[in-house]
Amino acid sequence: MTDDFSCLNIFNGDIACKLGLECGITGETLVWRETYLEGPLLETDDLHLFRSVRAEFLSQFDELEGVGSERLYRHLQKMDETLLELPENSRLMLWFDCCMFDQTMLMRILYLLAQRKTPLRQVFLYCCKTNILTAEDFLRGSSESVRLADNDLEVASQAWKLYVQKDSGAMREFAGKADFRNLAAMKKALLRCAEEVPDANGLNRSQKQILQLVAAGRHSFEEIFKALGQLEEYPFLGDTACKRYLEYLTGKGLLICKNGIFKKP
């Protein structure tokens, strides 16, 4: 990056990026394309090792068939380096929503910012009140964004580390005592993350909800997926992730599927 680089906008998805540009957002753009709700998350500050494990996992997704782990690694590396090499006088604007998918990405981004040798002093966050950014959000976001301080980065970094550790008790304890005044959505997301830690039977809250929905008469994928979102304050699970959960449950023998219909065995 050049020294005259002035502003970087990081978006939670391609649709948000497109909408933001249509609404007149200026500066460079970066879409943070990752999902930290699935797969291994190494408890390490070694970025190369972390990226290598993530790239190998993501390469197994059906929707990424043919991309390959090496190309995915380069993508993850580019995202990391964009943050870590951003000139210290740059303005960083983060555009996210309240759902757990977004907030775990935000945890990771702020964790990376906290690792910088030269801190950024202009880090701003706009988090909409729902689980989707709208044109209205982009039109008012720059004026209503929150400027994040070192303490906010430290809080997010600790939240990320606890999330990676999958220690539900520690997540709840930290959410109850840390200063999340500028990261209110992250606090709620961390508490929800604690419920996604698998229990003694290897099931998280979402998977148990799927079993309950099937038992209550939702048998098609469309019915299950729609009803699952209705159980969340901020729906976060995408359709492909939901399908992977269903595959996991059928693989464990907790569901059977015939002609696209899911039932209890």
# chains A, B, ... in the order shown; residues from 1 in each chain; ligands from 1
call {"tool": "residues_around", "arguments": {"residues": "stretch 131-139 of chain A", "least_positions_apart": "5", "cutoff": "8 Å", "atoms": "only C-alpha atoms", "output": "PyMOL selection string"}}
result
chain A and resi 16+19-20+23-25+96-99+234-236
call {"tool": "write_last_selection", "arguments": {"atoms": "N, CA, C and O atoms", "output": "mmCIF file, in the first residue's frame"}}
result
data_model
loop_
_atom_site.group_PDB
_atom_site.id
_atom_site.type_symbol
_atom_site.label_atom_id
_atom_site.label_comp_id
_atom_site.auth_asym_id
_atom_site.auth_seq_id
_atom_site.Cartn_x
_atom_site.Cartn_y
_atom_site.Cartn_z
ATOM 1 N N ALA A 16 -23.345 -6.125 0.584
ATOM 2 C CA ALA A 16 -23.180 -4.890 1.346
ATOM 3 C C ALA A 16 -22.191 -3.955 0.661
ATOM 4 O O ALA A 16 -22.410 -2.738 0.600
ATOM 5 N N LEU A 19 -23.901 -2.321 -2.316
ATOM 6 C CA LEU A 19 -24.877 -1.332 -1.871
ATOM 7 C C LEU A 19 -24.177 -0.090 -1.320
ATOM 8 O O LEU A 19 -24.596 1.042 -1.583
ATOM 9 N N GLY A 20 -23.101 -0.311 -0.561
ATOM 10 C CA GLY A 20 -22.363 0.819 -0.019
ATOM 11 C C GLY A 20 -21.813 1.724 -1.108
ATOM 12 O O GLY A 20 -21.891 2.949 -1.016
ATOM 13 N N CYS A 23 -24.384 3.803 -2.638
ATOM 14 C CA CYS A 23 -24.807 4.889 -1.743
ATOM 15 C C CYS A 23 -23.742 5.973 -1.597
ATOM 16 O O CYS A 23 -23.918 6.907 -0.808
ATOM 17 N N GLY A 24 -22.647 5.836 -2.321
ATOM 18 C CA GLY A 24 -21.646 6.891 -2.339
ATOM 19 C C GLY A 24 -20.474 6.724 -1.406
ATOM 20 O O GLY A 24 -19.719 7.678 -1.187
ATOM 21 N N ILE A 25 -20.309 5.531 -0.837
ATOM 22 C CA ILE A 25 -19.154 5.284 0.029
ATOM 23 C C ILE A 25 -17.881 5.449 -0.795
ATOM 24 O O ILE A 25 -17.761 4.909 -1.896
ATOM 25 N N PHE A 96 -20.634 -3.632 9.614
ATOM 26 C CA PHE A 96 -21.083 -4.959 10.029
ATOM 27 C C PHE A 96 -22.488 -4.899 10.608
ATOM 28 O O PHE A 96 -23.026 -3.819 10.857
ATOM 29 N N ASP A 97 -23.067 -6.092 10.812
ATOM 30 C CA ASP A 97 -24.372 -6.146 11.463
ATOM 31 C C ASP A 97 -24.268 -6.948 12.758
ATOM 32 O O ASP A 97 -23.174 -7.321 13.178
ATOM 33 N N CYS A 98 -25.399 -7.192 13.397
ATOM 34 C CA CYS A 98 -25.411 -7.750 14.747
ATOM 35 C C CYS A 98 -25.308 -9.271 14.820
ATOM 36 O O CYS A 98 -25.144 -9.811 15.912
ATOM 37 N N CYS A 99 -25.425 -9.959 13.708
ATOM 38 C CA CYS A 99 -25.497 -11.421 13.785
ATOM 39 C C CYS A 99 -24.156 -12.036 14.179
ATOM 40 O O CYS A 99 -23.099 -11.416 14.040
ATOM 41 N N TYR A 234 -31.001 -12.631 15.840
ATOM 42 C CA TYR A 234 -30.270 -12.182 14.657
ATOM 43 C C TYR A 234 -29.864 -13.422 13.857
ATOM 44 O O TYR A 234 -28.823 -14.019 14.133
ATOM 45 N N PRO A 235 -30.689 -13.847 12.898
ATOM 46 C CA PRO A 235 -30.349 -15.043 12.111
ATOM 47 C C PRO A 235 -28.956 -14.926 11.507
ATOM 48 O O PRO A 235 -28.571 -13.870 11.000
ATOM 49 N N PHE A 236 -28.206 -16.024 11.582
ATOM 50 C CA PHE A 236 -26.812 -15.984 11.138
ATOM 51 C C PHE A 236 -26.431 -17.159 10.245
ATOM 52 O O PHE A 236 -25.428 -17.094 9.539
#
call {"tool": "residues_around", "arguments": {"residues": "A:Pro265", "least_positions_apart": "6", "cutoff": "10 Å", "atoms": "only C-alpha atoms", "output": "list in words"}}
result
Thr250, Gly253, Leu254, Leu255, Ile256 and Cys257 of chain A
call {"tool": "select_by_dssp", "arguments": {"residues": "stretch 4-147 of chain A", "states": "helix (DSSP H, G or I)", "output": "JSON, numbers by chain"}}
result
{"A": [14, 15, 16, 17, 18, 19, 20, 21, 22, 47, 48, 49, 50, 51, 52, 53, 54, 55, 56, 57, 58, 62, 63, 64, 69, 70, 71, 72, 73, 74, 75, 76, 77, 78, 79, 80, 81, 82, 83, 84, 100, 101, 102, 103, 104, 105, 106, 107, 108, 109, 110, 111, 112, 113, 114, 135, 136, 137, 138, 139, 140, 141, 142, 143, 144]}
call {"tool": "closest_atom_pairs", "arguments": {"of": "stretch 99-163 of chain A", "to": "stretch 190-214 of chain A", "cutoff": "10 Å", "atoms": "only C-alpha atoms", "output": "Markdown table"}}
result
| residue | atom | partner | partner_atom | distance |
| --- | --- | --- | --- | --- |
| A:Cys99 | CA | A:Arg192 | CA | 9.6 |
| A:Met100 | CA | A:Cys193 | CA | 7.2 |
| A:Phe101 | CA | A:Cys193 | CA | 9.7 |
| A:Gln103 | CA | A:Leu190 | CA | 8.2 |
| A:Thr104 | CA | A:Leu190 | CA | 8.2 |
| A:Met107 | CA | A:Leu190 | CA | 9.6 |
| A:Ala156 | CA | A:Leu190 | CA | 10.0 |
| A:Ala159 | CA | A:Leu190 | CA | 7.1 |
| A:Trp160 | CA | A:Leu190 | CA | 8.9 |
| A:Leu162 | CA | A:Leu190 | CA | 9.0 |
| A:Tyr163 | CA | A:Cys193 | CA | 7.1 |
call {"tool": "write_last_selection", "arguments": {"atoms": "all heavy atoms", "output": "PDB file, in the first residue's frame"}}
result
ATOM      1  N   CYS A  99     -25.425  -9.959  13.708  1.00  0.00           N
ATOM      2  CA  CYS A  99     -25.497 -11.421  13.785  1.00  0.00           C
ATOM      3  C   CYS A  99     -24.156 -12.036  14.179  1.00  0.00           C
ATOM      4  O   CYS A  99     -23.099 -11.416  14.040  1.00  0.00           O
ATOM      5  CB  CYS A  99     -25.994 -12.005  12.460  1.00  0.00           C
ATOM      6  SG  CYS A  99     -24.735 -12.139  11.173  1.00  0.00           S
ATOM      7  N   MET A 100     -24.215 -13.262  14.656  1.00  0.00           N
ATOM      8  CA  MET A 100     -23.028 -13.947  15.152  1.00  0.00           C
ATOM      9  C   MET A 100     -22.007 -14.173  14.045  1.00  0.00           C
ATOM     10  O   MET A 100     -20.794 -14.126  14.287  1.00  0.00           O
ATOM     11  CB  MET A 100     -23.443 -15.281  15.778  1.00  0.00           C
ATOM     12  CG  MET A 100     -22.346 -15.964  16.560  1.00  0.00           C
ATOM     13  SD  MET A 100     -22.981 -17.274  17.614  1.00  0.00           S
ATOM     14  CE  MET A 100     -23.563 -18.458  16.399  1.00  0.00           C
ATOM     15  N   PHE A 101     -22.454 -14.400  12.838  1.00  0.00           N
ATOM     16  CA  PHE A 101     -21.555 -14.567  11.701  1.00  0.00           C
ATOM     17  C   PHE A 101     -20.676 -13.328  11.546  1.00  0.00           C
ATOM     18  O   PHE A 101     -19.445 -13.415  11.426  1.00  0.00           O
ATOM     19  CB  PHE A 101     -22.379 -14.799  10.425  1.00  0.00           C
ATOM     20  CG  PHE A 101     -21.567 -15.004   9.177  1.00  0.00           C
ATOM     21  CD1 PHE A 101     -21.205 -16.277   8.777  1.00  0.00           C
ATOM     22  CD2 PHE A 101     -21.164 -13.923   8.402  1.00  0.00           C
ATOM     23  CE1 PHE A 101     -20.452 -16.473   7.624  1.00  0.00           C
ATOM     24  CE2 PHE A 101     -20.415 -14.107   7.253  1.00  0.00           C
ATOM     25  CZ  PHE A 101     -20.055 -15.385   6.858  1.00  0.00           C
ATOM     26  N   GLN A 103     -20.221 -10.825  13.795  1.00  0.00           N
ATOM     27  CA  GLN A 103     -19.487 -10.434  14.992  1.00  0.00           C
ATOM     28  C   GLN A 103     -18.252 -11.296  15.235  1.00  0.00           C
ATOM     29  O   GLN A 103     -17.266 -10.808  15.786  1.00  0.00           O
ATOM     30  CB  GLN A 103     -20.416 -10.466  16.209  1.00  0.00           C
ATOM     31  CG  GLN A 103     -21.478  -9.375  16.178  1.00  0.00           C
ATOM     32  CD  GLN A 103     -20.886  -7.981  16.145  1.00  0.00           C
ATOM     33  OE1 GLN A 103     -20.024  -7.654  16.945  1.00  0.00           O
ATOM     34  NE2 GLN A 103     -21.364  -7.139  15.222  1.00  0.00           N
ATOM     35  N   THR A 104     -18.266 -12.545  14.812  1.00  0.00           N
ATOM     36  CA  THR A 104     -17.043 -13.344  14.924  1.00  0.00           C
ATOM     37  C   THR A 104     -16.002 -12.855  13.915  1.00  0.00           C
ATOM     38  O   THR A 104     -14.801 -12.856  14.213  1.00  0.00           O
ATOM     39  CB  THR A 104     -17.324 -14.848  14.721  1.00  0.00           C
ATOM     40  OG1 THR A 104     -18.075 -15.048  13.512  1.00  0.00           O
ATOM     41  CG2 THR A 104     -18.106 -15.415  15.889  1.00  0.00           C
ATOM     42  N   MET A 107     -14.571  -9.794  15.560  1.00  0.00           N
ATOM     43  CA  MET A 107     -13.611 -10.198  16.593  1.00  0.00           C
ATOM     44  C   MET A 107     -12.237 -10.464  15.975  1.00  0.00           C
ATOM     45  O   MET A 107     -11.213  -9.998  16.478  1.00  0.00           O
ATOM     46  CB  MET A 107     -14.084 -11.477  17.296  1.00  0.00           C
ATOM     47  CG  MET A 107     -15.255 -11.344  18.222  1.00  0.00           C
ATOM     48  SD  MET A 107     -15.683 -12.987  18.889  1.00  0.00           S
ATOM     49  CE  MET A 107     -17.369 -12.705  19.418  1.00  0.00           C
ATOM     50  N   ALA A 156     -12.114  -7.044  22.151  1.00  0.00           N
ATOM     51  CA  ALA A 156     -12.437  -7.909  21.015  1.00  0.00           C
ATOM     52  C   ALA A 156     -11.408  -9.029  20.870  1.00  0.00           C
ATOM     53  O   ALA A 156     -11.767 -10.167  20.533  1.00  0.00           O
ATOM     54  CB  ALA A 156     -12.497  -7.084  19.731  1.00  0.00           C
ATOM     55  N   ALA A 159     -12.199 -11.599  23.434  1.00  0.00           N
ATOM     56  CA  ALA A 159     -13.411 -12.312  23.014  1.00  0.00           C
ATOM     57  C   ALA A 159     -13.071 -13.332  21.939  1.00  0.00           C
ATOM     58  O   ALA A 159     -13.565 -14.479  21.965  1.00  0.00           O
ATOM     59  CB  ALA A 159     -14.447 -11.314  22.496  1.00  0.00           C
ATOM     60  N   TRP A 160     -12.220 -12.942  20.982  1.00  0.00           N
ATOM     61  CA  TRP A 160     -11.801 -13.871  19.930  1.00  0.00           C
ATOM     62  C   TRP A 160     -11.078 -15.076  20.524  1.00  0.00           C
ATOM     63  O   TRP A 160     -11.354 -16.229  20.160  1.00  0.00           O
ATOM     64  CB  TRP A 160     -10.909 -13.157  18.925  1.00  0.00           C
ATOM     65  CG  TRP A 160     -10.230 -14.097  17.972  1.00  0.00           C
ATOM     66  CD1 TRP A 160      -8.941 -14.547  18.016  1.00  0.00           C
ATOM     67  CD2 TRP A 160     -10.843 -14.764  16.855  1.00  0.00           C
ATOM     68  NE1 TRP A 160      -8.696 -15.430  17.004  1.00  0.00           N
ATOM     69  CE2 TRP A 160      -9.848 -15.588  16.272  1.00  0.00           C
ATOM     70  CE3 TRP A 160     -12.114 -14.739  16.297  1.00  0.00           C
ATOM     71  CZ2 TRP A 160     -10.102 -16.380  15.152  1.00  0.00           C
ATOM     72  CZ3 TRP A 160     -12.360 -15.542  15.175  1.00  0.00           C
ATOM     73  CH2 TRP A 160     -11.368 -16.341  14.622  1.00  0.00           C
ATOM     74  N   LEU A 162     -11.239 -16.376  23.498  1.00  0.00           N
ATOM     75  CA  LEU A 162     -12.159 -17.248  24.224  1.00  0.00           C
ATOM     76  C   LEU A 162     -13.058 -18.012  23.262  1.00  0.00           C
ATOM     77  O   LEU A 162     -13.391 -19.178  23.500  1.00  0.00           O
ATOM     78  CB  LEU A 162     -13.002 -16.421  25.197  1.00  0.00           C
ATOM     79  CG  LEU A 162     -12.230 -15.776  26.349  1.00  0.00           C
ATOM     80  CD1 LEU A 162     -13.149 -14.877  27.159  1.00  0.00           C
ATOM     81  CD2 LEU A 162     -11.604 -16.837  27.244  1.00  0.00           C
ATOM     82  N   TYR A 163     -13.452 -17.356  22.185  1.00  0.00           N
ATOM     83  CA  TYR A 163     -14.266 -18.037  21.175  1.00  0.00           C
ATOM     84  C   TYR A 163     -13.491 -19.195  20.556  1.00  0.00           C
ATOM     85  O   TYR A 163     -14.033 -20.288  20.364  1.00  0.00           O
ATOM     86  CB  TYR A 163     -14.698 -17.051  20.094  1.00  0.00           C
ATOM     87  CG  TYR A 163     -15.425 -17.696  18.950  1.00  0.00           C
ATOM     88  CD1 TYR A 163     -16.645 -18.333  19.145  1.00  0.00           C
ATOM     89  CD2 TYR A 163     -14.884 -17.697  17.663  1.00  0.00           C
ATOM     90  CE1 TYR A 163     -17.316 -18.940  18.096  1.00  0.00           C
ATOM     91  CE2 TYR A 163     -15.547 -18.301  16.613  1.00  0.00           C
ATOM     92  CZ  TYR A 163     -16.758 -18.923  16.830  1.00  0.00           C
ATOM     93  OH  TYR A 163     -17.409 -19.544  15.789  1.00  0.00           O
TER      94      TYR A 163
END
call {"tool": "select_by_dssp", "arguments": {"residues": "stretch 53-239 of chain A", "states": "strand (DSSP E or B)", "output": "ChimeraX atom specification"}}
result
/A:91-96,122-127,146-147,220
call {"tool": "closest_residue", "arguments": {"among": "A:Pro119, A:Gly238, A:Gly176, A:Gly66", "to": "A:Glu85", "atoms": "only C-alpha atoms"}}
result
A:Pro119
call {"tool": "closest_residue", "arguments": {"among": "A:Gln115, A:Gln158, A:Ser143, A:Asn259", "to": "A:Asp46", "atoms": "only C-alpha atoms"}}
result
A:Gln115
call {"tool": "atom_distance", "arguments": {"atom1": "atom CA of A:Trp95", "atom2": "atom CA of A:Lys177"}}
result
25.9 Å
call {"tool": "closest_atom_pairs", "arguments": {"of": "stretch 130-155 of chain A", "to": "stretch 180-185 of chain A", "cutoff": "8 Å", "atoms": "only C-alpha atoms", "output": "JSON lines"}}
result
{"residue": "A:Val146", "atom": "CA", "partner": "A:Asn182", "partner_atom": "CA", "distance": 6.9}
{"residue": "A:Leu148", "atom": "CA", "partner": "A:Asn182", "partner_atom": "CA", "distance": 7.1}
{"residue": "A:Asp152", "atom": "CA", "partner": "A:Asn182", "partner_atom": "CA", "distance": 7.0}
{"residue": "A:Val155", "atom": "CA", "partner": "A:Phe180", "partner_atom": "CA", "distance": 7.3}
call {"tool": "write_last_selection", "arguments": {"atoms": "N, CA and C atoms", "output": "tab-separated table (two decimals), in the first residue's frame"}}
result
chain	number	residue	atom	x	y	z
A	146	VAL	N	-18.91	4.59	15.43
A	146	VAL	CA	-18.23	4.71	16.72
A	146	VAL	C	-16.72	4.60	16.48
A	148	LEU	N	-13.30	3.46	17.62
A	148	LEU	CA	-12.81	2.45	18.55
A	148	LEU	C	-11.46	2.83	19.12
A	152	ASP	N	-11.09	-1.16	23.19
A	152	ASP	CA	-12.06	-1.93	22.39
A	152	ASP	C	-11.37	-3.06	21.64
A	155	VAL	N	-10.57	-5.80	24.16
A	155	VAL	CA	-11.78	-6.56	24.51
A	155	VAL	C	-12.13	-7.54	23.40
call {"tool": "residues_around", "arguments": {"residues": "stretch 5-9 of chain A", "least_positions_apart": "5", "cutoff": "10 Å", "atoms": "only C-alpha atoms", "output": "ChimeraX atom specification"}}
result
/A:17,20,25-31,82-83,86-95,122-125
call {"tool": "residues_around", "arguments": {"residues": "A:Leu153", "least_positions_apart": "3", "cutoff": "6 Å", "atoms": "only C-alpha atoms", "output": "VMD selection string"}}
result
chain A and resid 110 114 150 156 to 157
call {"tool": "decode", "arguments": {"residues": "stretch 46-65 of chain A", "atoms": "N, CA, C and O atoms", "output": "mmCIF file, in the first residue's frame"}}
result
data_model
loop_
_atom_site.group_PDB
_atom_site.id
_atom_site.type_symbol
_atom_site.label_atom_id
_atom_site.label_comp_id
_atom_site.auth_asym_id
_atom_site.auth_seq_id
_atom_site.Cartn_x
_atom_site.Cartn_y
_atom_site.Cartn_z
ATOM 1 N N ASP A 46 0.367 -17.493 15.209
ATOM 2 C CA ASP A 46 1.093 -17.780 13.970
ATOM 3 C C ASP A 46 0.101 -17.682 12.806
ATOM 4 O O ASP A 46 -0.685 -18.608 12.568
ATOM 5 N N LEU A 47 0.130 -16.576 12.092
ATOM 6 C CA LEU A 47 -0.857 -16.343 11.040
ATOM 7 C C LEU A 47 -0.723 -17.330 9.896
ATOM 8 O O LEU A 47 -1.722 -17.741 9.294
ATOM 9 N N HIS A 48 0.501 -17.717 9.565
ATOM 10 C CA HIS A 48 0.706 -18.684 8.493
ATOM 11 C C HIS A 48 0.049 -20.015 8.849
ATOM 12 O O HIS A 48 -0.663 -20.615 8.030
ATOM 13 N N LEU A 49 0.258 -20.475 10.062
ATOM 14 C CA LEU A 49 -0.322 -21.749 10.492
ATOM 15 C C LEU A 49 -1.840 -21.654 10.539
ATOM 16 O O LEU A 49 -2.543 -22.558 10.072
ATOM 17 N N PHE A 50 -2.343 -20.554 11.071
ATOM 18 C CA PHE A 50 -3.789 -20.365 11.153
ATOM 19 C C PHE A 50 -4.416 -20.382 9.762
ATOM 20 O O PHE A 50 -5.409 -21.070 9.514
ATOM 21 N N ARG A 51 -3.809 -19.625 8.838
ATOM 22 C CA ARG A 51 -4.348 -19.561 7.474
ATOM 23 C C ARG A 51 -4.267 -20.906 6.777
ATOM 24 O O ARG A 51 -5.180 -21.280 6.022
ATOM 25 N N SER A 52 -3.199 -21.636 6.991
ATOM 26 C CA SER A 52 -3.022 -22.931 6.325
ATOM 27 C C SER A 52 -4.129 -23.900 6.711
ATOM 28 O O SER A 52 -4.710 -24.585 5.853
ATOM 29 N N VAL A 53 -4.442 -23.946 7.999
ATOM 30 C CA VAL A 53 -5.493 -24.851 8.480
ATOM 31 C C VAL A 53 -6.855 -24.401 7.963
ATOM 32 O O VAL A 53 -7.680 -25.213 7.532
ATOM 33 N N ARG A 54 -7.103 -23.097 7.971
ATOM 34 C CA ARG A 54 -8.375 -22.591 7.485
ATOM 35 C C ARG A 54 -8.537 -22.845 5.993
ATOM 36 O O ARG A 54 -9.609 -23.241 5.523
ATOM 37 N N ALA A 55 -7.490 -22.609 5.221
ATOM 38 C CA ALA A 55 -7.565 -22.799 3.766
ATOM 39 C C ALA A 55 -7.865 -24.253 3.428
ATOM 40 O O ALA A 55 -8.667 -24.543 2.527
ATOM 41 N N GLU A 56 -7.233 -25.161 4.129
ATOM 42 C CA GLU A 56 -7.473 -26.584 3.871
ATOM 43 C C GLU A 56 -8.916 -26.947 4.204
ATOM 44 O O GLU A 56 -9.572 -27.688 3.459
ATOM 45 N N PHE A 57 -9.430 -26.425 5.303
ATOM 46 C CA PHE A 57 -10.817 -26.703 5.674
ATOM 47 C C PHE A 57 -11.787 -26.115 4.662
ATOM 48 O O PHE A 57 -12.709 -26.793 4.188
ATOM 49 N N LEU A 58 -11.612 -24.846 4.314
ATOM 50 C CA LEU A 58 -12.532 -24.184 3.393
ATOM 51 C C LEU A 58 -12.527 -24.821 2.012
ATOM 52 O O LEU A 58 -13.547 -24.808 1.306
ATOM 53 N N SER A 59 -11.399 -25.384 1.612
ATOM 54 C CA SER A 59 -11.299 -26.010 0.288
ATOM 55 C C SER A 59 -12.222 -27.216 0.152
ATOM 56 O O SER A 59 -12.491 -27.671 -0.960
ATOM 57 N N GLN A 60 -12.723 -27.738 1.272
ATOM 58 C CA GLN A 60 -13.595 -28.908 1.251
ATOM 59 C C GLN A 60 -15.068 -28.543 1.077
ATOM 60 O O GLN A 60 -15.907 -29.424 0.902
ATOM 61 N N PHE A 61 -15.392 -27.245 1.107
ATOM 62 C CA PHE A 61 -16.774 -26.815 0.925
ATOM 63 C C PHE A 61 -17.200 -27.085 -0.513
ATOM 64 O O PHE A 61 -16.467 -26.787 -1.459
ATOM 65 N N ASP A 62 -18.398 -27.608 -0.670
ATOM 66 C CA ASP A 62 -18.915 -27.878 -2.010
ATOM 67 C C ASP A 62 -18.976 -26.607 -2.847
ATOM 68 O O ASP A 62 -18.689 -26.621 -4.051
ATOM 69 N N GLU A 63 -19.354 -25.495 -2.222
ATOM 70 C CA GLU A 63 -19.488 -24.249 -2.966
ATOM 71 C C GLU A 63 -18.135 -23.663 -3.373
ATOM 72 O O GLU A 63 -18.089 -22.714 -4.162
ATOM 73 N N LEU A 64 -17.042 -24.204 -2.850
ATOM 74 C CA LEU A 64 -15.700 -23.753 -3.216
ATOM 75 C C LEU A 64 -14.937 -24.836 -3.978
ATOM 76 O O LEU A 64 -13.711 -24.786 -4.082
ATOM 77 N N GLU A 65 -15.678 -25.774 -4.511
ATOM 78 C CA GLU A 65 -15.053 -26.884 -5.247
ATOM 79 C C GLU A 65 -14.206 -26.346 -6.403
ATOM 80 O O GLU A 65 -14.637 -25.506 -7.182
#
